[in-house]
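Trainee: First, the structure itself, so that you have it in front of you.
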Amino acid sequence: MELARFKPAVPKYGLMTMAGLLWTTVGLGLCRLGYKWVSLLHGTRAISFGVAGIFLALVAYRFSFSGIATKNIDRLCRFPDKGCLFAFQAWRSYLIIGLMIGLGLVLRHSQIPKTYLAIVYFAVGGALILASFHYYACLWRTMVHKEPCGPD
C-alpha cells in the first residue's frame with residue numbers, strides 16, 4: 001500500500017493562498033483585540049497608543065515579517081505542482097506559531113495593562129497583514145500576468 005496517496009495534496013498556489021489568508025486572518029484578529037483594548041482610552045492617549053502600534057507594525061514588517069513571507073513564497077514556488085496541505089508553512093514555522101500563541105496567552109493573563117498590550121498586538125497584527133500582501137501579489141503576478149512564481 002502506497003502511503004503517498006493518503007497525503008492531502010494541494011496545488012502550490014492553493015498553499016500560497018492558504019498562507020496569505022492565515023496571515024491576514026490572524027493579523028486582523030490581533031488588531032481587533034488591540035483596538036478593543038485601546039478603545040478603553042480616550043483622546044490623545046488613545047491616538048498615541050494607536051500610532052505607536054502602527055509605527056511598530058511598519059518596523060516589524062520591514063525588518064522581520066516581510067523577509068519571512070518572501071522566504072516562504074520562495075520555498076512554495078520550488079514545490080512541484082502539488083504539496084501537502086500542511087506545507088503552506090515550513091515545519092519550523094509551526095513551532096514559532098506555537099510559541100507566539102503561548103506568549104500571547106501569557107501576556108494576556110499577565111499584569112501588564114491591556115492598553116499597553118494593544119500596542120504589541122497592533123504591531124504584530126499589522127505586520128502580519130502587511131506581509132500577507134506578498135502572497136497575494138505573487139498570486140496576482142502568477143495567475144493574472146502569467147509571470148513565473150517567485151518572491152516580490
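Quick note on naming: the chains in the C-alpha cells go A, B, ... in the order shown, residues restart at 1 in each chain, and ligands are numbered from 1 in order of appearance.
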Taking 6 positions as the minimum chain separation for residues in the same chain, which residues sit within 9 Å of region 20-34 of chain A when counting only C-alpha atoms? Answer as a ChimeraX atom specification.
Mentor: /A:50,53,69,114-115,117-136
Trainee: Residues at most 6 Å from region 73-88 of chain A, counting only C-alpha atoms, excluding those fewer than 4 positions away in the same chain, as JSON, numbers by chain?
Mentor: {"A": [8, 9, 10, 11, 12, 15, 19, 149, 150, 151]}
Trainee: Would you put the residues from that selection into a file with C-alpha atoms, as a tab-separated table (two decimals), in the first residue's frame?
Mentor:
chain	number	residue	atom	x	y	z
A	8	PRO	CA	-3.66	15.57	1.36
A	9	ALA	CA	-2.14	17.20	-1.73
A	10	VAL	CA	-2.98	20.79	-2.66
A	11	PRO	CA	-1.74	22.82	-5.64
A	12	LYS	CA	1.14	25.09	-4.61
A	15	LEU	CA	-0.91	26.60	-0.39
A	19	ALA	CA	-0.69	31.11	3.86
A	149	CYS	CA	6.36	32.11	-9.45
A	150	GLY	CA	8.74	33.80	-7.06
A	151	PRO	CA	9.08	36.38	-4.34
Trainee: Among chain A, which residues does DSSP mark as strand (DSSP E) when it is run on the backbone? Keep the chain and numbering as in the structure and answer as a PyMOL selection string.
Mentor: chain A and resi 9-11+82-84
Trainee: Please, what distance in Å, to one decimal, runs between CA of Ile96 (chain A) and CA of Gly14 (chain A)?
Mentor: 22.1 Å
Trainee: Please determine, counting only C-alpha atoms, which residue among A:Ala137, A:Ile112, A:Leu95, A:Met100 has the shortest atom-to-atom distance to Trp37 (chain A).
Mentor: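 Nearest to Trp37 (chain A): A:Ile112.
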Trainee: Run DSSP on the backbone and tell me which residues of chain A come out as helix (DSSP H, G or I); list them as a ChimeraX atom specification.
Mentor: /A:3-6,12-38,43-77,85-88,91-108,114-143
Trainee: Which is closer to Leu41 (chain A) than all the others in A:Pro113, A:Ala60, A:Met143, A:Thr70, using only C-alpha atoms?
Mentor: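 Ranked by minimum distance to Leu41 (chain A), first place goes to A:Pro113.
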Trainee: Considering only C-alpha atoms, return as a PDB file with N, CA, C and O atoms, in the first residue's frame whatever protein or nucleic-acid residues lie within 10 Å of Ser93 (chain A), sequence-local ones (same chain, fewer than 5 positions apart) excluded.
Mentor:
ATOM      1  N   ILE A  68      10.274  36.990   6.143  1.00  0.00           N
ATOM      2  CA  ILE A  68       9.730  35.655   6.411  1.00  0.00           C
ATOM      3  C   ILE A  68       8.757  35.254   5.302  1.00  0.00           C
ATOM      4  O   ILE A  68       8.806  34.134   4.790  1.00  0.00           O
ATOM      5  N   ASN A  72       9.135  32.217   2.552  1.00  0.00           N
ATOM      6  CA  ASN A  72       8.110  31.184   2.450  1.00  0.00           C
ATOM      7  C   ASN A  72       7.575  31.092   1.016  1.00  0.00           C
ATOM      8  O   ASN A  72       7.338  29.999   0.511  1.00  0.00           O
ATOM      9  N   PHE A  88       1.901  24.741   3.719  1.00  0.00           N
ATOM     10  CA  PHE A  88       1.804  26.164   3.402  1.00  0.00           C
ATOM     11  C   PHE A  88       2.688  26.999   4.323  1.00  0.00           C
ATOM     12  O   PHE A  88       2.991  28.146   4.023  1.00  0.00           O
ATOM     13  N   GLY A  98       3.373  28.181  17.487  1.00  0.00           N
ATOM     14  CA  GLY A  98       3.038  27.678  18.818  1.00  0.00           C
ATOM     15  C   GLY A  98       3.614  28.550  19.925  1.00  0.00           C
ATOM     16  O   GLY A  98       2.935  28.860  20.912  1.00  0.00           O
ATOM     17  N   LEU A  99       4.866  28.958  19.756  1.00  0.00           N
ATOM     18  CA  LEU A  99       5.491  29.839  20.746  1.00  0.00           C
ATOM     19  C   LEU A  99       4.785  31.190  20.825  1.00  0.00           C
ATOM     20  O   LEU A  99       4.582  31.733  21.918  1.00  0.00           O
TER      21      LEU A  99
END
